[in-house]
Every structure is written in C-alpha cells, then in structure tokens.
Amino acid sequence: MATEVVAISELASVIPGARAVGEAAVSSVTHDSRTVQAGSLFVAIRGMESDGHDFAHSAVAGGAVAIAVDHQLELEIAQLVVTDTRAALAPLAATVYRHPSDEIDVLGVTGTNGKTTITHMLASIADEAGIDAGVVGTVGASVGGRSWPMTHTTPEASDLQALLRLMVDDGIDLAALEVSSHALDLHRVDDISFSAVAFTNLSQDHLDYHGTMETYYATKAALFTSSRAEVGIVNIDDPAGRRLVGDTDLRVSTVSVRGADADIAAEVVAADLTGSTVLLRTSGWEGEFRLPLSGLFNISNAAIAAAMALEVGIEQGAVTAGLSSIGTIPGRSERIEAGQPFGVVVDYAHTPDAVRNIVVSTQDIADGRVIVVVGAGGDRDQAKRPLMGAATSAADMVVVTSDNPRSEDPDTIVAQVAEGTGREVERRVDRREAIRLAVGFAEPGDAVLILGRGHETGQRIGDETLPFDDREVAREELAALGFGGSA
C-alpha cells in the first residue's frame, strides 16, 4: 500500500476541538496496539471490555509515533487530544489514507438478513462486467484474489479505511461492503462516501445491544442520508423499508418480489431446491435468468443486488449473467451434495425472520418433508429464543440443539427455543447428534435445513472455541449413512 505522511497538526484540524501536543509524521492509523508499526498513530478507544488508553505504553514500545487520546497521558510522545477517540477514528484514518472511498464505488448493504449474499452477488455481477471488485463482510474480506478473516462484520474504521486504500492501490473499482448496525452506531463507516446503499429488511436481532426495535431501526436508517450516499436501494416488501422511503432524504430506488409497485420487480417463474428461474423487470427492460439459490428471500437479495449494480452503470446483461453464475456463498443456502436422495442445506439463518423465510420457502418447493435443525446463541438476546422456535412452524420435524452457548447452559437455551415451537420436538444438545438425527430421519425427496451457524468453523462453549463446521459435520454424517462424494 502506497503511503504518505500526515502531520499531527494537520490531523488536529479535521477533528473539532482537537489539540495537538508535539509533532509527528503519521503514515498509518490503528486502534490495536498489537498492529502498531513504525509511523503509526495509535488511537486509544474505550471499548466495552477494555480501554485503549491502558495499552498506549505498548503502542509506543511497538513503534507508534503518536497517540490519539481523550486526555493527555504522561508519555514522551506526540499526542492528539480529542473529546471522543472512537468518533475520531474514522476521520483520522480517512485523512491518513487519503479518502479512498472517493476513488472507488463503495456499495453498502445493511439490514438484518441478506447482507453477505448480496455483497457476493455484487462481486459476481462485477466479474461478469469485467470490473475488479472487493468484498468485505461476515465471511471475511477478499481483494484481488487475496482473502482475510474478519473479527467483525464491518471492520473498525482504521482497518476499513486501510482496506479501501489497498483496494484503490490494487486497481479495484468496486467495493461491496456489509454495514452492520453495530458499525453504524460505533462510527466504523463514518467518512465513507457510498455510491449506493441498500436496505434489505429489519427483524428482531441484536436487542441485547440496541435495546428496542425503534433504536435498531434508527441506527440502520442513519446510513440513508444524502451526506453519506448518492442513492438508496430499499426493499419495500419489508414494513421498515416502506417506512424508510418516507424517512430518507436520499433519492431512492425501490425493490419488490411480492408485486408491489416498485422501480425493480422480480417474479418467480419456476423454483426447486437447486434454484429459481427469475424474471426481473425495470422501467423499459426485463430479463430472465436462472438463480442457483432457492427461496424467495434470495430472489429479493438478487433484485437488490441488481438494482445497486444498475445504479453504478453496470449493463443489464452483466447483471443477469452475474446472478446466474454466482458460486457457493459460504454458509448461505449452501447445498451439501454427497449423492443422497434428499436435500441438505446449511444456512446462517439466525433470526426468527430468516428462519421462517427459509423454512416456508423450502416447504413450498420440496417434494417431501422439511426437517429443521435449529438453536440460538448464548449471551445474546434471550427474548429471541422462543421466537426462533416459533419460526419453524412450517417444518414437518424440528430438532432443537445448541448453537454457540458461550457462557450459558446449553440445556436452558435449548429448552427456551423448544418452548417457542408450541409442539413436541426432538432435543439434542449435542449439535452433531442433532445433525445425525436429522439426516438419518430424511427420506427421498425430503429437505434437511441446518440453520444458525452457516460458515462458522468453531463452536463457542464456555471459554473455548471448539472446531465445528456444520457443513463438514453434515458430510461426515452422510458418509456414515453410506453416501459419498463432495459438495
């Protein structure tokens, strides 16, 4: 990554009320003392579990040339004293990395569900259009054939700005970015100029953090302002989306798959467990394509991706070709194929709305029964647990199991989810046993849905993260039943 240096005095001028103590030439910004390098500005953030000010000594020892703090520390180093270090992180990083979002089309996707799928759809569309694209989100970041795991759905502002600069320097023309509600609330996407932003839906999730659905909505809606983006793409099949159209000052392009009067409408022509044939309509144009993902929710995701791509000038043919050729998205409606005569799908659905959508959509297209494996995470919104159970009402068989129990008793979580179903269900706290039971019960034509963890490769139990990948476990259990092959 090409670097330039910025003086502390110049950085002070971009933060209202900031005061520079001493002088230094900064070439990078970090909030993590472990990633400090020569030329770094270390920004001491007060987090939920730790305070970055406690690590300032380590940052200096690691080579930091300056620190940003909310009160002057007794350290012999240049300091930038600001009121709120977290809020300052994005503008500081954007300045040091020369505002990379001004040089690239950044497409931001927010909403409770669908963000990962849409960003990968955008990358596939860009590929068909001959555009180099990067993706940043839940399953990691990918830039020019390289990939990195991500700790958060949306990285901290210092990492995100550096990543966007890397994309620009590598000749990437488009960045598809998942924008979480946490990221919006914690200023991670401040000082990013979005070419387009999209709203997928809003359903109960993260209330352990946001407190109420109204606060959750307001946090998401904050992305849809003319100061942040050029255009908003909004799913008006969702009640919160219809509300957002009236709340935003952005120019809006609306999307519907349920027959609403929208700028872009999608219609299901045919569907089975392997995908859907879709008719996409915009003003003066329509195109039919085969989407290799099943479920009406994925058709909605495709329509949103199409709308975003069209807004940044990608041709219609590349849009439908990109949606037709999209490959496997880790843990998103991911089919496990081992030669078995029934469907097995692993999906990240971890909210009541997402669970309900995939169960109902699968019930509509499956030849046989729908068998669901589902649970809920520990140390998260407890009110969501019975709703997770209730969301499986369209299933023929439900196996309630553990997800990531973390510090909680998994038996208690399983009981709370099971209670929400309002019927007799199978309970298997051991997740492998639950998957074994589900695939062993399946008959030709059935569909087994393994929900909640998707792409995750570790299960958090207590203080440990134990290796556990639903996809690999499903393959192993299918192999134990005598089915071979690979996904």
# chains A, B, ... in the order shown; residues from 1 in each chain; ligands from 1

call {"tool": "residues_around", "arguments": {"residues": "segment 160-170 of chain A", "least_positions_apart": "4", "cutoff": "8 Å", "atoms": "only C-alpha atoms", "output": "list in words"}}
result
Met1, Ala2, Ala90, Ala93, Ala94, Tyr97, Arg98, His99, Pro100, Ser101, Glu103, Ile104, Gly134, Val143, Gly144, Thr154, Pro155, Glu156, Ala175, Arg188 and Val189 of chain A

call {"tool": "write_last_selection", "arguments": {"atoms": "N, CA and C atoms", "output": "PDB file, in the first residue's frame"}}
result
ATOM      1  N   MET A   1       0.847  -1.192   0.000  1.00  0.00           N
ATOM      2  CA  MET A   1       0.000   0.000   0.000  1.00  0.00           C
ATOM      3  C   MET A   1       0.881   1.239   0.000  1.00  0.00           C
ATOM      4  N   ALA A   2       0.654   2.102  -0.992  1.00  0.00           N
ATOM      5  CA  ALA A   2       1.427   3.334  -1.073  1.00  0.00           C
ATOM      6  C   ALA A   2       1.120   4.202   0.145  1.00  0.00           C
ATOM      7  N   ALA A  90     -12.485   7.297  12.512  1.00  0.00           N
ATOM      8  CA  ALA A  90     -12.778   7.273  11.073  1.00  0.00           C
ATOM      9  C   ALA A  90     -12.212   8.489  10.336  1.00  0.00           C
ATOM     10  N   ALA A  93      -8.391   8.185  10.161  1.00  0.00           N
ATOM     11  CA  ALA A  93      -7.945   7.164   9.209  1.00  0.00           C
ATOM     12  C   ALA A  93      -8.221   7.585   7.781  1.00  0.00           C
ATOM     13  N   ALA A  94      -9.384   8.166   7.542  1.00  0.00           N
ATOM     14  CA  ALA A  94      -9.712   8.614   6.181  1.00  0.00           C
ATOM     15  C   ALA A  94      -8.707   9.655   5.698  1.00  0.00           C
ATOM     16  N   TYR A  97      -5.250   7.897   5.051  1.00  0.00           N
ATOM     17  CA  TYR A  97      -5.310   7.025   3.872  1.00  0.00           C
ATOM     18  C   TYR A  97      -5.881   7.726   2.646  1.00  0.00           C
ATOM     19  N   ARG A  98      -6.004   9.048   2.719  1.00  0.00           N
ATOM     20  CA  ARG A  98      -6.332   9.899   1.574  1.00  0.00           C
ATOM     21  C   ARG A  98      -7.719   9.597   1.001  1.00  0.00           C
ATOM     22  N   HIS A  99      -8.674   9.440   1.855  1.00  0.00           N
ATOM     23  CA  HIS A  99     -10.085   9.303   1.480  1.00  0.00           C
ATOM     24  C   HIS A  99     -10.294   8.353   0.296  1.00  0.00           C
ATOM     25  N   PRO A 100      -9.966   7.087   0.489  1.00  0.00           N
ATOM     26  CA  PRO A 100     -10.037   6.131  -0.625  1.00  0.00           C
ATOM     27  C   PRO A 100     -11.440   5.942  -1.194  1.00  0.00           C
ATOM     28  N   SER A 101     -12.480   6.139  -0.386  1.00  0.00           N
ATOM     29  CA  SER A 101     -13.835   5.920  -0.911  1.00  0.00           C
ATOM     30  C   SER A 101     -14.216   6.942  -1.978  1.00  0.00           C
ATOM     31  N   GLU A 103     -12.400   7.420  -4.500  1.00  0.00           N
ATOM     32  CA  GLU A 103     -11.773   6.921  -5.730  1.00  0.00           C
ATOM     33  C   GLU A 103     -12.323   5.571  -6.190  1.00  0.00           C
ATOM     34  N   ILE A 104     -13.366   5.077  -5.540  1.00  0.00           N
ATOM     35  CA  ILE A 104     -13.882   3.747  -5.814  1.00  0.00           C
ATOM     36  C   ILE A 104     -15.388   3.749  -5.553  1.00  0.00           C
ATOM     37  N   GLY A 134     -13.931  -5.872  -4.699  1.00  0.00           N
ATOM     38  CA  GLY A 134     -13.562  -6.403  -3.399  1.00  0.00           C
ATOM     39  C   GLY A 134     -14.807  -6.570  -2.568  1.00  0.00           C
ATOM     40  N   VAL A 143      -9.811  -9.313  -1.744  1.00  0.00           N
ATOM     41  CA  VAL A 143      -9.317  -8.253  -2.615  1.00  0.00           C
ATOM     42  C   VAL A 143      -8.337  -8.863  -3.598  1.00  0.00           C
ATOM     43  N   GLY A 144      -8.647  -8.800  -4.874  1.00  0.00           N
ATOM     44  CA  GLY A 144      -7.708  -9.245  -5.899  1.00  0.00           C
ATOM     45  C   GLY A 144      -7.177 -10.653  -5.699  1.00  0.00           C
ATOM     46  N   THR A 154     -18.377  -5.653   9.931  1.00  0.00           N
ATOM     47  CA  THR A 154     -17.772  -4.444   9.362  1.00  0.00           C
ATOM     48  C   THR A 154     -16.551  -4.102  10.204  1.00  0.00           C
ATOM     49  N   PRO A 155     -15.362  -4.028   9.621  1.00  0.00           N
ATOM     50  CA  PRO A 155     -14.152  -3.769  10.414  1.00  0.00           C
ATOM     51  C   PRO A 155     -14.187  -2.398  11.086  1.00  0.00           C
ATOM     52  N   GLU A 156     -13.344  -2.246  12.105  1.00  0.00           N
ATOM     53  CA  GLU A 156     -13.168  -0.936  12.715  1.00  0.00           C
ATOM     54  C   GLU A 156     -12.679   0.054  11.652  1.00  0.00           C
ATOM     55  N   ALA A 175     -16.234  -1.797  -4.362  1.00  0.00           N
ATOM     56  CA  ALA A 175     -16.159  -2.482  -3.078  1.00  0.00           C
ATOM     57  C   ALA A 175     -17.575  -2.729  -2.571  1.00  0.00           C
ATOM     58  N   ARG A 188     -17.933   3.100  12.569  1.00  0.00           N
ATOM     59  CA  ARG A 188     -16.959   2.411  11.724  1.00  0.00           C
ATOM     60  C   ARG A 188     -17.034   2.823  10.259  1.00  0.00           C
ATOM     61  N   VAL A 189     -18.208   3.268   9.800  1.00  0.00           N
ATOM     62  CA  VAL A 189     -18.332   3.651   8.389  1.00  0.00           C
ATOM     63  C   VAL A 189     -18.464   5.160   8.216  1.00  0.00           C
TER      64      VAL A 189
END

call {"tool": "select_by_dssp", "arguments": {"residues": "segment 175-349 of chain A", "states": "strand (DSSP E)", "output": "VMD selection string"}}
result
chain A and resid 175 to 178 196 to 199 232 to 235 252 to 256 264 to 272 275 to 282 285 to 291 334 to 335 343 to 347

call {"tool": "atom_distance", "arguments": {"atom1": "atom CA of Glu472 of chain A", "atom2": "atom CA of Thr112 of chain A"}}
result
26.3 Å

call {"tool": "residues_around", "arguments": {"residues": "Val269 of chain A", "least_positions_apart": "5", "cutoff": "8 Å", "atoms": "only C-alpha atoms", "output": "PyMOL selection string"}}
result
chain A and resi 276-279

call {"tool": "residues_around", "arguments": {"residues": "Ile131 of chain A", "least_positions_apart": "6", "cutoff": "9 Å", "atoms": "only C-alpha atoms", "output": "VMD selection string"}}
result
chain A and resid 123 125 172 to 174

call {"tool": "write_last_selection", "arguments": {"atoms": "N, CA and C atoms", "output": "PDB file, in the first residue's frame"}}
result
ATOM      1  N   ALA A 123     -20.258  -8.959  -6.314  1.00  0.00           N
ATOM      2  CA  ALA A 123     -18.933  -9.337  -6.812  1.00  0.00           C
ATOM      3  C   ALA A 123     -19.048 -10.187  -8.074  1.00  0.00           C
ATOM      4  N   ILE A 125     -21.572 -10.135 -10.239  1.00  0.00           N
ATOM      5  CA  ILE A 125     -22.016  -9.234 -11.314  1.00  0.00           C
ATOM      6  C   ILE A 125     -20.845  -8.419 -11.832  1.00  0.00           C
ATOM      7  N   ILE A 172      -8.703  -1.984  -7.777  1.00  0.00           N
ATOM      8  CA  ILE A 172     -10.084  -2.423  -7.582  1.00  0.00           C
ATOM      9  C   ILE A 172     -11.008  -1.238  -7.853  1.00  0.00           C
ATOM     10  N   ASP A 173     -12.106  -1.495  -8.575  1.00  0.00           N
ATOM     11  CA  ASP A 173     -13.007  -0.413  -8.962  1.00  0.00           C
ATOM     12  C   ASP A 173     -14.290  -0.370  -8.144  1.00  0.00           C
ATOM     13  N   LEU A 174     -14.619  -1.470  -7.466  1.00  0.00           N
ATOM     14  CA  LEU A 174     -15.892  -1.542  -6.742  1.00  0.00           C
ATOM     15  C   LEU A 174     -15.684  -2.319  -5.452  1.00  0.00           C
TER      16      LEU A 174
END

call {"tool": "residues_around", "arguments": {"residues": "Val268 of chain A", "least_positions_apart": "2", "cutoff": "12 Å", "atoms": "only C-alpha atoms", "output": "mmCIF file with N, CA and C atoms, in the first residue's frame"}}
result
data_model
loop_
_atom_site.group_PDB
_atom_site.id
_atom_site.type_symbol
_atom_site.label_atom_id
_atom_site.label_comp_id
_atom_site.auth_asym_id
_atom_site.auth_seq_id
_atom_site.Cartn_x
_atom_site.Cartn_y
_atom_site.Cartn_z
ATOM 1 N N SER A 256 -39.140 -4.909 -5.136
ATOM 2 C CA SER A 256 -40.180 -5.787 -4.604
ATOM 3 C C SER A 256 -40.159 -7.129 -5.322
ATOM 4 N N VAL A 257 -40.458 -8.185 -4.577
ATOM 5 C CA VAL A 257 -40.664 -9.515 -5.175
ATOM 6 C C VAL A 257 -42.083 -10.012 -4.876
ATOM 7 N N ARG A 258 -42.896 -9.135 -4.297
ATOM 8 C CA ARG A 258 -44.256 -9.527 -3.901
ATOM 9 C C ARG A 258 -45.339 -8.720 -4.627
ATOM 10 N N GLY A 259 -44.979 -8.164 -5.761
ATOM 11 C CA GLY A 259 -45.978 -7.494 -6.582
ATOM 12 C C GLY A 259 -46.247 -6.055 -6.231
ATOM 13 N N ALA A 265 -38.775 -4.949 -10.002
ATOM 14 C CA ALA A 265 -39.629 -6.033 -9.517
ATOM 15 C C ALA A 265 -39.095 -7.363 -10.026
ATOM 16 N N ALA A 266 -39.174 -8.379 -9.193
ATOM 17 C CA ALA A 266 -38.755 -9.721 -9.583
ATOM 18 C C ALA A 266 -39.916 -10.679 -9.406
ATOM 19 N N ALA A 270 -40.100 -20.291 -12.014
ATOM 20 C CA ALA A 270 -40.063 -21.690 -11.589
ATOM 21 C C ALA A 270 -39.042 -21.812 -10.474
ATOM 22 N N ALA A 271 -39.218 -22.830 -9.596
ATOM 23 C CA ALA A 271 -38.295 -22.977 -8.470
ATOM 24 C C ALA A 271 -38.232 -24.414 -8.011
ATOM 25 N N ASP A 272 -37.047 -24.828 -7.559
ATOM 26 C CA ASP A 272 -36.862 -26.107 -6.887
ATOM 27 C C ASP A 272 -35.722 -25.933 -5.894
ATOM 28 N N GLY A 275 -32.532 -24.016 -7.117
ATOM 29 C CA GLY A 275 -32.543 -22.618 -7.523
ATOM 30 C C GLY A 275 -33.878 -22.182 -8.095
ATOM 31 N N SER A 276 -33.856 -20.989 -8.695
ATOM 32 C CA SER A 276 -35.090 -20.390 -9.207
ATOM 33 C C SER A 276 -34.852 -19.749 -10.566
ATOM 34 N N THR A 277 -35.855 -19.834 -11.428
ATOM 35 C CA THR A 277 -35.860 -19.050 -12.652
ATOM 36 C C THR A 277 -36.619 -17.766 -12.347
ATOM 37 N N VAL A 278 -35.986 -16.635 -12.627
ATOM 38 C CA VAL A 278 -36.486 -15.337 -12.178
ATOM 39 C C VAL A 278 -36.662 -14.399 -13.365
ATOM 40 N N LEU A 279 -37.762 -13.656 -13.347
ATOM 41 C CA LEU A 279 -37.979 -12.583 -14.309
ATOM 42 C C LEU A 279 -37.797 -11.270 -13.579
ATOM 43 N N LEU A 280 -36.838 -10.484 -14.057
ATOM 44 C CA LEU A 280 -36.510 -9.204 -13.431
ATOM 45 C C LEU A 280 -36.995 -8.081 -14.337
ATOM 46 N N ARG A 281 -37.732 -7.135 -13.765
ATOM 47 C CA ARG A 281 -38.290 -6.041 -14.564
ATOM 48 C C ARG A 281 -37.861 -4.686 -14.000
ATOM 49 N N GLU A 288 -34.753 -12.506 -18.001
ATOM 50 C CA GLU A 288 -34.970 -13.758 -17.279
ATOM 51 C C GLU A 288 -33.630 -14.442 -17.046
ATOM 52 N N PHE A 289 -33.454 -15.016 -15.881
ATOM 53 C CA PHE A 289 -32.202 -15.699 -15.575
ATOM 54 C C PHE A 289 -32.463 -16.804 -14.567
ATOM 55 N N ARG A 290 -31.517 -17.708 -14.465
ATOM 56 C CA ARG A 290 -31.589 -18.807 -13.503
ATOM 57 C C ARG A 290 -30.690 -18.483 -12.338
ATOM 58 N N LEU A 291 -31.270 -18.303 -11.152
ATOM 59 C CA LEU A 291 -30.518 -18.029 -9.930
ATOM 60 C C LEU A 291 -30.238 -19.346 -9.223
ATOM 61 N N SER A 294 -32.086 -21.100 -3.904
ATOM 62 C CA SER A 294 -33.524 -21.249 -3.740
ATOM 63 C C SER A 294 -34.062 -20.262 -2.707
ATOM 64 N N GLY A 295 -35.369 -20.064 -2.713
ATOM 65 C CA GLY A 295 -36.013 -19.237 -1.709
ATOM 66 C C GLY A 295 -36.346 -17.847 -2.204
ATOM 67 N N LEU A 296 -37.560 -17.381 -1.861
ATOM 68 C CA LEU A 296 -37.982 -16.048 -2.266
ATOM 69 C C LEU A 296 -37.074 -14.976 -1.681
ATOM 70 N N PHE A 297 -36.541 -15.219 -0.484
ATOM 71 C CA PHE A 297 -35.648 -14.239 0.137
ATOM 72 C C PHE A 297 -34.386 -14.052 -0.687
ATOM 73 N N ASN A 298 -33.913 -15.102 -1.339
ATOM 74 C CA ASN A 298 -32.731 -14.953 -2.188
ATOM 75 C C ASN A 298 -33.055 -14.245 -3.489
ATOM 76 N N ILE A 299 -34.290 -14.376 -3.958
ATOM 77 C CA ILE A 299 -34.700 -13.611 -5.137
ATOM 78 C C ILE A 299 -34.758 -12.126 -4.780
ATOM 79 N N SER A 300 -35.221 -11.818 -3.580
ATOM 80 C CA SER A 300 -35.201 -10.438 -3.108
ATOM 81 C C SER A 300 -33.767 -9.923 -3.029
ATOM 82 N N ALA A 302 -31.280 -10.924 -4.799
ATOM 83 C CA ALA A 302 -30.804 -10.758 -6.177
ATOM 84 C C ALA A 302 -31.339 -9.463 -6.783
ATOM 85 N N ALA A 303 -32.602 -9.155 -6.514
ATOM 86 C CA ALA A 303 -33.182 -7.926 -7.054
ATOM 87 C C ALA A 303 -32.494 -6.692 -6.473
ATOM 88 N N SER A 361 -40.051 -21.086 2.460
ATOM 89 C CA SER A 361 -39.643 -21.182 1.054
ATOM 90 C C SER A 361 -39.315 -22.618 0.679
ATOM 91 N N ILE A 365 -41.221 -25.672 -2.096
ATOM 92 C CA ILE A 365 -40.583 -26.291 -3.262
ATOM 93 C C ILE A 365 -40.101 -27.721 -3.029
#

call {"tool": "residues_around", "arguments": {"residues": "segment 28-34 of chain A", "least_positions_apart": "4", "cutoff": "6 Å", "atoms": "only C-alpha atoms", "output": "VMD selection string"}}
result
chain A and resid 40 to 43 59 93 158

call {"tool": "closest_residue", "arguments": {"among": "A:Leu481, A:Ala260, A:Ala349, A:Val81", "to": "Arg242 of chain A", "atoms": "only C-alpha atoms"}}
result
A:Ala260

call {"tool": "atom_distance", "arguments": {"atom1": "atom CA of Gly111 of chain A", "atom2": "atom CA of Thr200 of chain A"}}
result
4.8 Å

call {"tool": "atom_distance", "arguments": {"atom1": "atom CA of Val429 of chain A", "atom2": "atom CA of Ser402 of chain A"}}
result
5.2 Å

call {"tool": "closest_residue", "arguments": {"among": "A:Val234, A:Val136, A:Leu323, A:Ala394", "to": "Asn201 of chain A", "atoms": "only C-alpha atoms"}}
result
A:Val234

call {"tool": "select_by_dssp", "arguments": {"residues": "segment 93-241 of chain A", "states": "alpha helix (DSSP H)", "output": "PyMOL selection string"}}
result
chain A and resi 93-96+115-128+157-169+181-185+207-210+213-221+239-241

call {"tool": "closest_residue", "arguments": {"among": "A:Pro341, A:Pro410, A:Gly331, A:Gly445", "to": "Asp469 of chain A", "atoms": "only C-alpha atoms"}}
result
A:Gly331

call {"tool": "closest_residue", "arguments": {"among": "A:Asp347, A:Glu230, A:Asp409, A:Asp396", "to": "Ile371 of chain A", "atoms": "only C-alpha atoms"}}
result
A:Asp396

call {"tool": "closest_residue", "arguments": {"among": "A:Ser227, A:Asp430, A:Ser181, A:Ile413", "to": "Leu207 of chain A", "atoms": "only C-alpha atoms"}}
result
A:Ser181
